[in-house]
>>> print(open('run.pdb').read())   # PDB, C-alpha atoms
ATOM      1  CA  MET A   1      -4.077 -22.154 -14.316  1.00  0.00           C
ATOM      2  CA  GLY A   2      -1.028 -21.861 -12.046  1.00  0.00           C
ATOM      3  CA  PRO A   3      -0.955 -21.664  -8.240  1.00  0.00           C
ATOM      4  CA  ALA A   4      -0.516 -17.860  -8.249  1.00  0.00           C
ATOM      5  CA  MET A   5      -3.624 -17.416 -10.388  1.00  0.00           C
ATOM      6  CA  ASN A   6      -5.513 -19.791  -8.099  1.00  0.00           C
ATOM      7  CA  ARG A   7      -4.534 -17.626  -5.088  1.00  0.00           C
ATOM      8  CA  THR A   8      -5.773 -14.472  -6.830  1.00  0.00           C
ATOM      9  CA  THR A   9      -8.996 -16.142  -7.866  1.00  0.00           C
ATOM     10  CA  SER A  10      -9.388 -17.520  -4.352  1.00  0.00           C
ATOM     11  CA  LEU A  11      -8.834 -14.118  -2.701  1.00  0.00           C
ATOM     12  CA  VAL A  12     -11.242 -12.318  -5.025  1.00  0.00           C
ATOM     13  CA  ARG A  13     -13.766 -15.113  -4.605  1.00  0.00           C
ATOM     14  CA  GLU A  14     -13.430 -15.111  -0.801  1.00  0.00           C
ATOM     15  CA  ALA A  15     -13.782 -11.321  -0.636  1.00  0.00           C
ATOM     16  CA  ALA A  16     -16.762 -11.440  -3.008  1.00  0.00           C
ATOM     17  CA  ILE A  17     -18.507 -14.118  -0.946  1.00  0.00           C
ATOM     18  CA  LEU A  18     -17.968 -12.188   2.295  1.00  0.00           C
ATOM     19  CA  PHE A  19     -19.191  -8.965   0.707  1.00  0.00           C
ATOM     20  CA  GLU A  20     -22.216 -10.646  -0.853  1.00  0.00           C
ATOM     21  CA  GLU A  21     -23.138 -12.211   2.493  1.00  0.00           C
ATOM     22  CA  TYR A  22     -22.730  -8.796   4.124  1.00  0.00           C
ATOM     23  CA  GLY A  23     -25.043  -7.283   1.508  1.00  0.00           C
ATOM     24  CA  ASP A  24     -27.570 -10.050   2.166  1.00  0.00           C
ATOM     25  CA  GLY A  25     -27.896  -8.890   5.768  1.00  0.00           C
ATOM     26  CA  HIS A  26     -25.169 -10.889   7.511  1.00  0.00           C
ATOM     27  CA  ARG A  27     -23.529  -7.820   9.063  1.00  0.00           C
ATOM     28  CA  ASP A  28     -20.950  -9.935  10.920  1.00  0.00           C
ATOM     29  CA  ARG A  29     -19.286 -10.784   7.543  1.00  0.00           C
ATOM     30  CA  ILE A  30     -17.643  -7.349   7.365  1.00  0.00           C
ATOM     31  CA  GLU A  31     -15.131  -8.277  10.080  1.00  0.00           C
ATOM     32  CA  PRO A  32     -13.517 -11.190   8.186  1.00  0.00           C
ATOM     33  CA  LEU A  33     -13.513  -9.046   5.024  1.00  0.00           C
ATOM     34  CA  VAL A  34     -11.649  -6.303   6.893  1.00  0.00           C
ATOM     35  CA  ARG A  35      -9.119  -8.824   8.268  1.00  0.00           C
ATOM     36  CA  LEU A  36      -8.605 -10.301   4.797  1.00  0.00           C
ATOM     37  CA  LEU A  37      -7.895  -7.066   2.924  1.00  0.00           C
ATOM     38  CA  SER A  38      -6.749  -4.398   5.412  1.00  0.00           C
ATOM     39  CA  PRO A  39      -3.008  -5.253   5.391  1.00  0.00           C
ATOM     40  CA  THR A  40      -2.775  -4.798   1.628  1.00  0.00           C
ATOM     41  CA  LEU A  41      -4.899  -1.648   1.702  1.00  0.00           C
ATOM     42  CA  TRP A  42      -2.694  -0.180   4.436  1.00  0.00           C
ATOM     43  CA  HIS A  43       0.460  -0.803   2.391  1.00  0.00           C
ATOM     44  CA  MET A  44      -1.182   0.838  -0.603  1.00  0.00           C
ATOM     45  CA  ALA A  45      -1.923   3.941   1.484  1.00  0.00           C
ATOM     46  CA  ARG A  46       1.656   4.018   2.828  1.00  0.00           C
ATOM     47  CA  ALA A  47       2.981   3.794  -0.722  1.00  0.00           C
ATOM     48  CA  CYS A  48       1.195   7.071  -1.442  1.00  0.00           C
ATOM     49  CA  GLY A  49       3.542   8.757   1.036  1.00  0.00           C
ATOM     50  CA  LEU A  50       1.296   8.773   4.093  1.00  0.00           C
ATOM     51  CA  SER A  51       2.471   8.360   7.668  1.00  0.00           C
ATOM     52  CA  GLN A  52       1.461   5.236   9.535  1.00  0.00           C
ATOM     53  CA  ALA A  53      -1.323   7.099  11.352  1.00  0.00           C
ATOM     54  CA  ASP A  54      -2.640   8.728   8.152  1.00  0.00           C
ATOM     55  CA  ALA A  55      -2.581   5.371   6.347  1.00  0.00           C
ATOM     56  CA  GLU A  56      -4.590   3.801   9.168  1.00  0.00           C
ATOM     57  CA  ASP A  57      -7.077   6.686   9.006  1.00  0.00           C
ATOM     58  CA  VAL A  58      -7.431   6.328   5.227  1.00  0.00           C
ATOM     59  CA  VAL A  59      -8.079   2.593   5.422  1.00  0.00           C
ATOM     60  CA  GLN A  60     -10.610   3.086   8.214  1.00  0.00           C
ATOM     61  CA  SER A  61     -12.316   5.853   6.234  1.00  0.00           C
ATOM     62  CA  VAL A  62     -12.560   3.640   3.152  1.00  0.00           C
ATOM     63  CA  TRP A  63     -14.109   0.811   5.190  1.00  0.00           C
ATOM     64  CA  MET A  64     -16.661   3.283   6.583  1.00  0.00           C
ATOM     65  CA  THR A  65     -17.401   4.497   3.053  1.00  0.00           C
ATOM     66  CA  LEU A  66     -17.894   0.908   1.946  1.00  0.00           C
ATOM     67  CA  VAL A  67     -20.416   0.325   4.723  1.00  0.00           C
ATOM     68  CA  ALA A  68     -22.294   3.480   3.689  1.00  0.00           C
ATOM     69  CA  LYS A  69     -22.217   2.680  -0.046  1.00  0.00           C
ATOM     70  CA  ALA A  70     -22.383  -1.116   0.002  1.00  0.00           C
ATOM     71  CA  GLY A  71     -25.755  -1.102  -1.745  1.00  0.00           C
ATOM     72  CA  THR A  72     -24.333   0.756  -4.751  1.00  0.00           C
ATOM     73  CA  ILE A  73     -21.807  -1.977  -5.593  1.00  0.00           C
ATOM     74  CA  ARG A  74     -23.637  -4.330  -7.913  1.00  0.00           C
ATOM     75  CA  ASP A  75     -20.976  -6.959  -8.576  1.00  0.00           C
ATOM     76  CA  PRO A  76     -19.371  -8.486  -5.464  1.00  0.00           C
ATOM     77  CA  GLN A  77     -16.476  -9.702  -7.662  1.00  0.00           C
ATOM     78  CA  THR A  78     -15.328  -6.066  -7.956  1.00  0.00           C
ATOM     79  CA  ILE A  79     -15.041  -5.391  -4.215  1.00  0.00           C
ATOM     80  CA  VAL A  80     -11.255  -5.829  -4.078  1.00  0.00           C
ATOM     81  CA  ALA A  81     -10.709  -3.440  -6.992  1.00  0.00           C
ATOM     82  CA  TRP A  82     -13.244  -0.975  -5.537  1.00  0.00           C
ATOM     83  CA  LEU A  83     -11.437  -0.921  -2.195  1.00  0.00           C
ATOM     84  CA  GLY A  84      -7.998  -0.561  -3.801  1.00  0.00           C
ATOM     85  CA  THR A  85      -9.122   2.332  -5.983  1.00  0.00           C
ATOM     86  CA  SER A  86     -10.860   4.003  -3.038  1.00  0.00           C
ATOM     87  CA  VAL A  87      -7.754   3.718  -0.838  1.00  0.00           C
ATOM     88  CA  ARG A  88      -5.489   5.192  -3.512  1.00  0.00           C
ATOM     89  CA  ARG A  89      -7.850   8.109  -4.162  1.00  0.00           C
ATOM     90  CA  GLU A  90      -8.338   8.881  -0.473  1.00  0.00           C
ATOM     91  CA  ALA A  91      -4.594   8.560   0.210  1.00  0.00           C
ATOM     92  CA  TRP A  92      -3.796  10.985  -2.613  1.00  0.00           C
ATOM     93  CA  ARG A  93      -6.417  13.411  -1.264  1.00  0.00           C
ATOM     94  CA  VAL A  94      -4.974  13.241   2.267  1.00  0.00           C
ATOM     95  CA  SER A  95      -1.444  13.593   0.908  1.00  0.00           C
ATOM     96  CA  ARG A  96      -2.405  16.740  -1.046  1.00  0.00           C
ATOM     97  CA  GLU A  97      -4.198  18.125   1.991  1.00  0.00           C
ATOM     98  CA  ASN A  98      -1.189  17.464   4.215  1.00  0.00           C
ATOM     99  CA  ARG A  99       1.131  19.266   1.786  1.00  0.00           C
ATOM    100  CA  ARG A 100      -1.179  22.285   1.683  1.00  0.00           C
ATOM    101  CA  SER A 101      -1.642  22.461   5.456  1.00  0.00           C
ATOM    102  CA  VAL A 102       2.068  22.549   6.422  1.00  0.00           C
ATOM    103  CA  PRO A 103       3.714  25.944   5.878  1.00  0.00           C
ATOM    104  CA  ARG A 104       6.943  25.709   3.887  1.00  0.00           C
ATOM    105  CA  GLU A 105       9.064  27.189   6.706  1.00  0.00           C
ATOM    106  CA  ASP A 106       8.019  24.304   8.982  1.00  0.00           C
ATOM    107  CA  PHE A 107       9.931  21.793   6.867  1.00  0.00           C
ATOM    108  CA  PRO A 108      13.362  20.984   8.294  1.00  0.00           C
ATOM    109  CA  GLU A 109      16.246  22.004   6.074  1.00  0.00           C
ATOM    110  CA  HIS A 110      17.504  18.421   5.838  1.00  0.00           C
ATOM    111  CA  ALA A 111      14.522  16.160   6.364  1.00  0.00           C
ATOM    112  CA  ASP A 112      15.050  12.610   7.538  1.00  0.00           C
ATOM    113  CA  PRO A 113      14.558  10.443   4.429  1.00  0.00           C
ATOM    114  CA  SER A 114      12.909   7.661   6.435  1.00  0.00           C
ATOM    115  CA  PRO A 115       9.353   7.002   5.282  1.00  0.00           C
ATOM    116  CA  GLY A 116       7.978   5.725   8.601  1.00  0.00           C
ATOM    117  CA  PRO A 117       8.487   5.171  12.318  1.00  0.00           C
ATOM    118  CA  VAL A 118      10.301   1.856  11.971  1.00  0.00           C
ATOM    119  CA  GLU A 119      12.601   3.312   9.364  1.00  0.00           C
ATOM    120  CA  ALA A 120      13.128   6.461  11.486  1.00  0.00           C
ATOM    121  CA  ALA A 121      14.813   4.277  14.086  1.00  0.00           C
ATOM    122  CA  LEU A 122      17.458   3.296  11.554  1.00  0.00           C
ATOM    123  CA  ARG A 123      20.335   5.766  11.843  1.00  0.00           C
ATOM    124  CA  SER A 124      23.440   4.562  10.058  1.00  0.00           C
ATOM    125  CA  GLU A 125      24.693   6.343   6.938  1.00  0.00           C
ATOM    126  CA  THR A 126      24.056   3.235   4.874  1.00  0.00           C
ATOM    127  CA  GLU A 127      20.467   2.997   6.034  1.00  0.00           C
ATOM    128  CA  ARG A 128      19.827   6.692   5.398  1.00  0.00           C
ATOM    129  CA  ALA A 129      21.219   6.317   1.875  1.00  0.00           C
ATOM    130  CA  LEU A 130      19.004   3.287   1.306  1.00  0.00           C
ATOM    131  CA  TRP A 131      15.852   5.091   2.454  1.00  0.00           C
ATOM    132  CA  ARG A 132      16.721   8.239   0.513  1.00  0.00           C
ATOM    133  CA  HIS A 133      16.847   6.186  -2.704  1.00  0.00           C
ATOM    134  CA  PHE A 134      13.828   4.106  -1.668  1.00  0.00           C
ATOM    135  CA  THR A 135      11.682   7.253  -1.441  1.00  0.00           C
ATOM    136  CA  GLN A 136      12.668   8.120  -5.015  1.00  0.00           C
ATOM    137  CA  LEU A 137      11.023   4.953  -6.333  1.00  0.00           C
ATOM    138  CA  THR A 138       7.504   5.068  -7.744  1.00  0.00           C
ATOM    139  CA  PRO A 139       4.667   4.617  -5.222  1.00  0.00           C
ATOM    140  CA  ARG A 140       3.902   1.192  -6.680  1.00  0.00           C
ATOM    141  CA  CYS A 141       7.548   0.093  -6.275  1.00  0.00           C
ATOM    142  CA  GLN A 142       7.614   1.393  -2.717  1.00  0.00           C
ATOM    143  CA  ALA A 143       4.425  -0.481  -1.830  1.00  0.00           C
ATOM    144  CA  LEU A 144       5.601  -3.687  -3.460  1.00  0.00           C
ATOM    145  CA  LEU A 145       9.018  -3.594  -1.772  1.00  0.00           C
ATOM    146  CA  ARG A 146       7.400  -2.806   1.599  1.00  0.00           C
ATOM    147  CA  VAL A 147       5.140  -5.818   1.269  1.00  0.00           C
ATOM    148  CA  ILE A 148       7.926  -8.215   0.316  1.00  0.00           C
ATOM    149  CA  SER A 149      10.246  -6.901   3.020  1.00  0.00           C
ATOM    150  CA  ARG A 150       7.839  -7.282   5.935  1.00  0.00           C
ATOM    151  CA  GLY A 151       8.645 -10.974   6.353  1.00  0.00           C
ATOM    152  CA  GLY A 152       6.864 -14.080   5.279  1.00  0.00           C
ATOM    153  CA  ALA A 153       5.591 -14.831   1.818  1.00  0.00           C
ATOM    154  CA  PRO A 154       3.937 -11.816   0.184  1.00  0.00           C
ATOM    155  CA  ASP A 155       0.302 -12.213  -0.750  1.00  0.00           C
ATOM    156  CA  TYR A 156       0.653 -11.731  -4.507  1.00  0.00           C
ATOM    157  CA  SER A 157      -2.988 -12.540  -5.067  1.00  0.00           C
ATOM    158  CA  ALA A 158      -4.127  -9.713  -2.780  1.00  0.00           C
ATOM    159  CA  LEU A 159      -1.710  -7.292  -4.441  1.00  0.00           C
ATOM    160  CA  ALA A 160      -2.818  -8.330  -7.901  1.00  0.00           C
ATOM    161  CA  ALA A 161      -6.487  -7.995  -7.050  1.00  0.00           C
ATOM    162  CA  ALA A 162      -6.088  -4.653  -5.291  1.00  0.00           C
ATOM    163  CA  TRP A 163      -3.927  -3.133  -8.029  1.00  0.00           C
ATOM    164  CA  GLY A 164      -5.794  -4.669 -10.936  1.00  0.00           C
ATOM    165  CA  MET A 165      -2.711  -6.333 -12.376  1.00  0.00           C
ATOM    166  CA  PRO A 166      -1.938  -9.945 -13.282  1.00  0.00           C
ATOM    167  CA  VAL A 167      -0.225 -11.987 -10.588  1.00  0.00           C
ATOM    168  CA  GLY A 168       2.407 -12.947 -13.153  1.00  0.00           C
ATOM    169  CA  SER A 169       3.528  -9.343 -13.562  1.00  0.00           C
ATOM    170  CA  ILE A 170       4.235  -8.795  -9.852  1.00  0.00           C
ATOM    171  CA  GLY A 171       7.525 -10.748  -9.849  1.00  0.00           C
ATOM    172  CA  PRO A 172       8.940  -8.941 -12.896  1.00  0.00           C
ATOM    173  CA  THR A 173       7.760  -5.600 -11.494  1.00  0.00           C
ATOM    174  CA  ARG A 174       9.468  -6.402  -8.200  1.00  0.00           C
ATOM    175  CA  GLY A 175      12.645  -7.279 -10.118  1.00  0.00           C
ATOM    176  CA  ARG A 176      12.576  -3.961 -11.994  1.00  0.00           C
ATOM    177  CA  CYS A 177      11.995  -2.056  -8.740  1.00  0.00           C
ATOM    178  CA  LEU A 178      14.897  -3.799  -7.034  1.00  0.00           C
ATOM    179  CA  ASP A 179      17.112  -3.234 -10.081  1.00  0.00           C
ATOM    180  CA  THR A 180      16.282   0.488 -10.087  1.00  0.00           C
ATOM    181  CA  LEU A 181      17.074   0.706  -6.370  1.00  0.00           C
ATOM    182  CA  ARG A 182      20.304  -1.281  -6.789  1.00  0.00           C
ATOM    183  CA  LYS A 183      21.534   0.978  -9.614  1.00  0.00           C
ATOM    184  CA  ALA A 184      20.752   4.141  -7.624  1.00  0.00           C
ATOM    185  CA  LEU A 185      22.587   2.781  -4.584  1.00  0.00           C
ATOM    186  CA  LEU A 186      25.654   1.716  -6.576  1.00  0.00           C
ATOM    187  CA  ALA A 187      25.860   5.211  -8.091  1.00  0.00           C
ATOM    188  CA  ASP A 188      25.688   6.849  -4.635  1.00  0.00           C
ATOM    189  CA  PRO A 189      29.134   7.517  -3.084  1.00  0.00           C
ATOM    190  CA  GLU A 190      27.635   7.343   0.442  1.00  0.00           C
ATOM    191  CA  TRP A 191      26.373   3.832  -0.225  1.00  0.00           C
ATOM    192  CA  SER A 192      29.429   2.481  -1.996  1.00  0.00           C
ATOM    193  CA  THR A 193      31.815   3.732   0.729  1.00  0.00           C
ATOM    194  CA  SER A 194      29.697   2.408   3.613  1.00  0.00           C
TER
END
>>> encode(input="run.pdb", output="structure tokens")
Amino acid sequence: MGPAMNRTTSLVREAAILFEEYGDGHRDRIEPLVRLLSPTLWHMARACGLSQADAEDVVQSVWMTLVAKAGTIRDPQTIVAWLGTSVRREAWRVSRENRRSVPREDFPEHADPSPGPVEAALRSETERALWRHFTQLTPRCQALLRVISRGGAPDYSALAAAWGMPVGSIGPTRGRCLDTLRKALLADPEWSTS
């Protein structure tokens, strides 16, 4: 078993232990569980196209749902997958609701392609081209590239556990996402002339 698999096993085990202790009446164990998994859950919500504020609301809502339904989760080993699935479903629901609630005429004719507030601050033609192509990637690619671009070593074990995929497939998936983005940028005249 390689180090990446050990990290995944360790994360799932740590989350399961915290959740099991919480279920056994140690209510203070929810806080370390939230600290452990919230960053990954937030990135998953953002990858579904939500604003920073909506992503924060979704993650908070899912944690509240977990507290309300904790007794229905029989196997603590599934808590990471349960949270990841719940975040994706709630993010998709909020995204659909947001699309329905904004009248079409309220959309600007040429919307800023930036997916968030940090990206909105980036104004050069090159950066706009990059973000325009970035938003064309799949939600999973967007989430993965966001995580690896935020600095520091990405937590592959948390990603693998939350997405229900082997740790060993994250690197190749990241490579395919970057390759797709690279090809789109090289084909874009705005990018290649910048």
>>> residues_near_point(input="run.pdb", point="(1.3, -3.1, -0.8)", cutoff="10 Å", atoms="all atoms listed in the file", output="PyMOL selection string")
chain A and resi 39-47+139-148+154-156+158-160+162-163
>>> residues_around(input="run.pdb", residues="region 18-23 of chain A", least_positions_apart="5", cutoff="7 Å", atoms="all atoms listed in the file", output="PyMOL selection string")
chain A and resi 29-30+33+70+76
>>> atom_distance(input="run.pdb", atom1="CA of Asp188 (chain A)", atom2="CA of Leu50 (chain A)")
26.0 Å
>>> resolve_selection(input="run.pdb", expression="the PyMOL selection byres ((chain A and resi 172-177) around 8)", output="ChimeraX atom specification")
/A:137,141,144-145,168-171,178-181
>>> closest_residue(input="run.pdb", among="A:Pro166, A:Ala91, A:Arg100, A:Arg128", to="Gln52 (chain A)", atoms="all atoms listed in the file")
A:Ala91
>>> atom_distance(input="run.pdb", atom1="CA of Trp63 (chain A)", atom2="CA of Leu37 (chain A)")
10.3 Å
>>> atom_distance(input="run.pdb", atom1="CA of Ser149 (chain A)", atom2="CA of Leu11 (chain A)")
21.2 Å
>>> axis_aligned_box(input="run.pdb", around="region 86-96 of chain A", padding_each_side="4 Å", output="AutoDock Vina command-line options")
--center_x -6.2 --center_y 10.2 --center_z -0.9 --size_x 17.4 --size_y 21.0 --size_z 14.4
>>> closest_residue(input="run.pdb", among="A:Val87, A:Ala16, A:Leu185, A:Ala129", to="Asp54 (chain A)", atoms="all atoms listed in the file")
A:Val87
>>> closest_residue(input="run.pdb", among="A:Ser10, A:Gln60, A:Asn98, A:Gln136", to="Gln77 (chain A)", atoms="all atoms listed in the file")
A:Ser10
